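Here's the structure we're looking at; comments come further down.
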Amino acid sequence: MGAKERVVIKLSGRVFGDDAAGELKNYSNMLLEIADHAQPVVVAGGGKIARHYINIGRGLGSDEASLDIMGIEVSRLNARLLIAALDDNAYPVVPTDLEQVSEAAAGGKIVVTGGLHPGQSTNATAALIAEKVKAKKFLNATDVDGIYDSDPNKNKGARLFKEITVKKCLELLGSENSAAGGYELMDIVALKVIERSKIPTVVLRSDPATIKSAMANKATGTRIVG
């Protein structure tokens, strides 16, 4: 029997919030179901805890690179929580670079990591991991239903794209905030990696049922096409 196809799933940092224990049980059950037919490689976001530390650090005068490292450390702590929820089904160590992710994935277990490099969002990290492990799909699970033509939290009339090109994404995100903790749904690095490696990508809401639907190729969220 050949190795399972790999899917990279970037999880919103919201998953690791106030009700993390209950949330993580639901997500771990979903990942175990996926693991029956594919190998999940999960990237944990930093969420509001990372932003909390970053905001305090910025107020104390820390440089942006140092703030990025704070966010990375929090995302790795979040990854440890998900590994704990998955127990023996997960690779027990949080990888800290692309080579370590690749080596961990070679063992066949569910791999969970956080950020890898300062100056790089977890979205970009997830895209690079998808490229490195030759993932068949990249699911970017966020706090909204997909990519809109404007911020749906500010504009009730925002239109959700069912499908969008990389070029259109780049136009929409051209004014992105590159400060630590301020990345958008997709940033330029992530989009360029998706474009060059032609990784099938879906931006969708971070919800176990929605992620399972995307794994079953059911229409949900926004598909990014070349």
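Residue numbering restarts at 1 in every chain; chains get A, B, ... in the order shown in the structure tokens, and ligands count up from 1 in that same order.
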
Quiz prompt | Selection: 8 Å around Leu67 (chain A), only C-alpha atoms, excl. self and same-chain fewer than 2 positions, as a ChimeraX atom specification | solution = /A:54,57-58,62-65,69-71,180

Using the selection just defined, write its residues with N, CA, C and O atoms as a PDB file, in the first residue's frame.
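Now in part.pdb:
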ATOM      1  N   ILE A  54       2.505  40.410  21.546  1.00  0.00           N
ATOM      2  CA  ILE A  54       3.089  41.319  20.555  1.00  0.00           C
ATOM      3  C   ILE A  54       2.755  42.775  20.880  1.00  0.00           C
ATOM      4  O   ILE A  54       3.623  43.656  20.808  1.00  0.00           O
ATOM      5  N   GLY A  57       4.827  43.841  23.857  1.00  0.00           N
ATOM      6  CA  GLY A  57       6.217  43.991  23.439  1.00  0.00           C
ATOM      7  C   GLY A  57       6.434  45.235  22.608  1.00  0.00           C
ATOM      8  O   GLY A  57       7.443  45.949  22.777  1.00  0.00           O
ATOM      9  N   ARG A  58       5.480  45.515  21.714  1.00  0.00           N
ATOM     10  CA  ARG A  58       5.612  46.717  20.881  1.00  0.00           C
ATOM     11  C   ARG A  58       5.565  47.974  21.752  1.00  0.00           C
ATOM     12  O   ARG A  58       6.298  48.930  21.524  1.00  0.00           O
ATOM     13  N   SER A  62      10.013  46.791  21.602  1.00  0.00           N
ATOM     14  CA  SER A  62      10.664  45.671  20.903  1.00  0.00           C
ATOM     15  C   SER A  62      10.613  45.887  19.394  1.00  0.00           C
ATOM     16  O   SER A  62       9.647  46.450  18.867  1.00  0.00           O
ATOM     17  N   ASP A  63      11.653  45.430  18.691  1.00  0.00           N
ATOM     18  CA  ASP A  63      11.657  45.517  17.230  1.00  0.00           C
ATOM     19  C   ASP A  63      10.739  44.451  16.642  1.00  0.00           C
ATOM     20  O   ASP A  63      10.370  43.479  17.315  1.00  0.00           O
ATOM     21  N   GLU A  64      10.364  44.630  15.373  1.00  0.00           N
ATOM     22  CA  GLU A  64       9.386  43.738  14.749  1.00  0.00           C
ATOM     23  C   GLU A  64       9.881  42.292  14.644  1.00  0.00           C
ATOM     24  O   GLU A  64       9.107  41.349  14.775  1.00  0.00           O
ATOM     25  N   ALA A  65      11.180  42.095  14.419  1.00  0.00           N
ATOM     26  CA  ALA A  65      11.713  40.734  14.339  1.00  0.00           C
ATOM     27  C   ALA A  65      11.540  40.005  15.670  1.00  0.00           C
ATOM     28  O   ALA A  65      11.148  38.831  15.714  1.00  0.00           O
ATOM     29  N   ILE A  69       9.175  36.663  16.679  1.00  0.00           N
ATOM     30  CA  ILE A  69       9.630  35.487  17.423  1.00  0.00           C
ATOM     31  C   ILE A  69       8.672  35.191  18.582  1.00  0.00           C
ATOM     32  O   ILE A  69       8.351  34.024  18.857  1.00  0.00           O
ATOM     33  N   MET A  70       8.174  36.225  19.242  1.00  0.00           N
ATOM     34  CA  MET A  70       7.181  36.016  20.301  1.00  0.00           C
ATOM     35  C   MET A  70       5.950  35.296  19.741  1.00  0.00           C
ATOM     36  O   MET A  70       5.438  34.341  20.330  1.00  0.00           O
ATOM     37  N   GLY A  71       5.466  35.782  18.589  1.00  0.00           N
ATOM     38  CA  GLY A  71       4.296  35.161  17.968  1.00  0.00           C
ATOM     39  C   GLY A  71       4.558  33.718  17.585  1.00  0.00           C
ATOM     40  O   GLY A  71       3.692  32.843  17.760  1.00  0.00           O
ATOM     41  N   ALA A 180       4.235  42.551  12.695  1.00  0.00           N
ATOM     42  CA  ALA A 180       4.008  41.313  13.444  1.00  0.00           C
ATOM     43  C   ALA A 180       2.580  41.274  13.973  1.00  0.00           C
ATOM     44  O   ALA A 180       2.072  42.254  14.499  1.00  0.00           O
TER      45      ALA A 180
END

Practice problem: For Val93 (chain A), list every protein, DNA or RNA residue within 9 Å, evaluated using only C-alpha atoms, and leave out those in the same chain fewer than 6 positions away; present the list as a list in words. | Solution: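 Counting only the stated atoms, we get Arg80, Ile83, Ala104, Val111, Val112 and Thr113 of chain A.
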
Practice problem: Using backbone DSSP assignments, extract all strand (DSSP E or B) residues from region 197-226 of chain A; output them as a PyMOL selection string. | Solution: chain A and resi 201-205+222-225

Grab the residues selected above and save them as a short mmCIF file (atom, residue, chain, number, x, y, z; two decimals), in the first residue's frame with all heavy atoms.
data_model
loop_
_atom_site.label_atom_id
_atom_site.label_comp_id
_atom_site.auth_asym_id
_atom_site.auth_seq_id
_atom_site.Cartn_x
_atom_site.Cartn_y
_atom_site.Cartn_z
N THR A 201 -5.77 25.13 -3.34
CA THR A 201 -5.93 25.85 -2.07
C THR A 201 -7.37 26.30 -1.87
O THR A 201 -8.01 26.79 -2.79
CB THR A 201 -5.00 27.08 -2.05
OG1 THR A 201 -3.64 26.64 -2.20
CG2 THR A 201 -5.13 27.85 -0.74
N VAL A 202 -7.85 26.13 -0.63
CA VAL A 202 -9.17 26.62 -0.26
C VAL A 202 -9.04 27.45 1.01
O VAL A 202 -8.41 27.00 1.98
CB VAL A 202 -10.17 25.47 -0.02
CG1 VAL A 202 -11.55 26.03 0.34
CG2 VAL A 202 -10.27 24.57 -1.24
N VAL A 203 -9.62 28.65 1.01
CA VAL A 203 -9.72 29.47 2.21
C VAL A 203 -11.14 29.31 2.73
O VAL A 203 -12.11 29.53 1.99
CB VAL A 203 -9.42 30.95 1.91
CG1 VAL A 203 -9.56 31.79 3.18
CG2 VAL A 203 -8.02 31.11 1.33
N LEU A 204 -11.28 28.89 3.97
CA LEU A 204 -12.59 28.55 4.51
C LEU A 204 -12.66 28.86 5.99
O LEU A 204 -11.66 29.19 6.62
CB LEU A 204 -12.89 27.07 4.26
CG LEU A 204 -12.10 26.01 5.04
CD1 LEU A 204 -12.70 24.64 4.83
CD2 LEU A 204 -10.63 25.96 4.65
N ARG A 205 -13.86 28.76 6.56
CA ARG A 205 -14.02 29.01 7.99
C ARG A 205 -13.43 27.86 8.79
O ARG A 205 -13.57 26.69 8.42
CB ARG A 205 -15.50 29.19 8.35
CG ARG A 205 -15.71 29.52 9.84
CD ARG A 205 -17.15 29.88 10.13
NE ARG A 205 -17.52 31.17 9.59
CZ ARG A 205 -17.29 32.34 10.18
NH1 ARG A 205 -16.65 32.38 11.34
NH2 ARG A 205 -17.69 33.47 9.62
N THR A 222 -13.52 29.61 -0.39
CA THR A 222 -13.03 30.20 -1.64
C THR A 222 -11.86 29.38 -2.18
O THR A 222 -10.87 29.18 -1.48
CB THR A 222 -12.54 31.65 -1.41
OG1 THR A 222 -13.60 32.42 -0.85
CG2 THR A 222 -12.08 32.27 -2.72
N ARG A 223 -12.00 28.91 -3.40
CA ARG A 223 -10.88 28.20 -4.05
C ARG A 223 -9.99 29.22 -4.73
O ARG A 223 -10.46 30.11 -5.44
CB ARG A 223 -11.40 27.21 -5.11
CG ARG A 223 -12.02 25.97 -4.55
CD ARG A 223 -12.12 24.86 -5.58
NE ARG A 223 -12.57 25.32 -6.89
CZ ARG A 223 -11.86 25.17 -8.02
NH1 ARG A 223 -10.68 24.60 -7.99
NH2 ARG A 223 -12.35 25.60 -9.15
N ILE A 224 -8.68 29.10 -4.51
CA ILE A 224 -7.70 29.94 -5.20
C ILE A 224 -7.17 29.18 -6.41
O ILE A 224 -6.68 28.06 -6.28
CB ILE A 224 -6.54 30.34 -4.27
CG1 ILE A 224 -7.08 31.15 -3.08
CG2 ILE A 224 -5.50 31.14 -5.03
CD1 ILE A 224 -6.02 31.56 -2.08
N VAL A 225 -7.32 29.78 -7.57
CA VAL A 225 -6.91 29.12 -8.81
C VAL A 225 -5.77 29.91 -9.47
O VAL A 225 -5.56 31.08 -9.18
CB VAL A 225 -8.10 28.98 -9.78
CG1 VAL A 225 -9.19 28.12 -9.18
CG2 VAL A 225 -8.67 30.35 -10.17
#

Quiz item: From the set A:Ala21, A:Leu60, A:Leu11, A:Ala38, which residue has the shortest atom-to-atom contact distance to Ser75 (chain A), counting only C-alpha atoms?
Solution: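 Going through A:Ala21, A:Leu60, A:Leu11, A:Ala38 one by one, the smallest distance to Ser75 (chain A) is for A:Leu11.
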
Exercise. Rounded to one decimal place, report the CA of Ala190 (chain A)-CA of Leu170 (chain A) distance in Å.
Key: 10.3 Å

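Residue nearest Arg159 (chain A), chosen from A:Glu33, A:Glu73, A:Asp145, A:Asp187 and counting only C-alpha atoms: A:Asp145.
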
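Distances from A:Ile129, A:Val144, A:Val94, A:Ala105 to Asp207 (chain A) were compared using only C-alpha atoms, and the smallest one belongs to A:Val144.
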
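Each of A:Gly146, A:Pro95, A:Pro40, A:Gly17 was checked against Leu160 (chain A) using only C-alpha atoms; the smallest atom-to-atom distance is that of A:Gly146.
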
Exercise. Identify, on the basis of only C-alpha atoms, every residue whose closest approach to Thr122 (chain A) does not exceed 8 Å; exclude the query and any residue fewer than 6 positions from it along the same chain; express the result as a list in words.
Key: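 Contacts, with the query itself left out: Lys10, Val43, Ala44, Gly45, Gly114, Gly115 and Leu116 of chain A.
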
Expected file contents, prior selection, C-alpha atoms, as a short mmCIF file (atom, residue, chain, number, x, y, z; two decimals), in the first residue's frame:
data_model
loop_
_atom_site.label_atom_id
_atom_site.label_comp_id
_atom_site.auth_asym_id
_atom_site.auth_seq_id
_atom_site.Cartn_x
_atom_site.Cartn_y
_atom_site.Cartn_z
CA LYS A 10 -3.62 26.03 8.69
CA VAL A 43 -0.01 24.64 11.21
CA ALA A 44 -1.29 26.35 14.36
CA GLY A 45 -1.84 30.09 14.37
CA GLY A 114 3.55 26.54 14.46
CA GLY A 115 5.43 29.41 12.85
CA LEU A 116 8.92 28.80 11.52
#

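The residue that comes closest to Glu5 (chain A), out of A:Ala158, A:Met30, A:Val41, A:Ile164 and on the basis of only C-alpha atoms, is A:Val41.
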
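The space separating CA of Thr210 (chain A) from CA of Cys169 (chain A) comes to 22.0 Å.
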
Self-check item: Distance of CA of Asn155 (chain A) from CA of Asn123 (chain A), expressed in Å to one decimal place
Solution: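 Computing it gives 23.6 Å between the two atoms.
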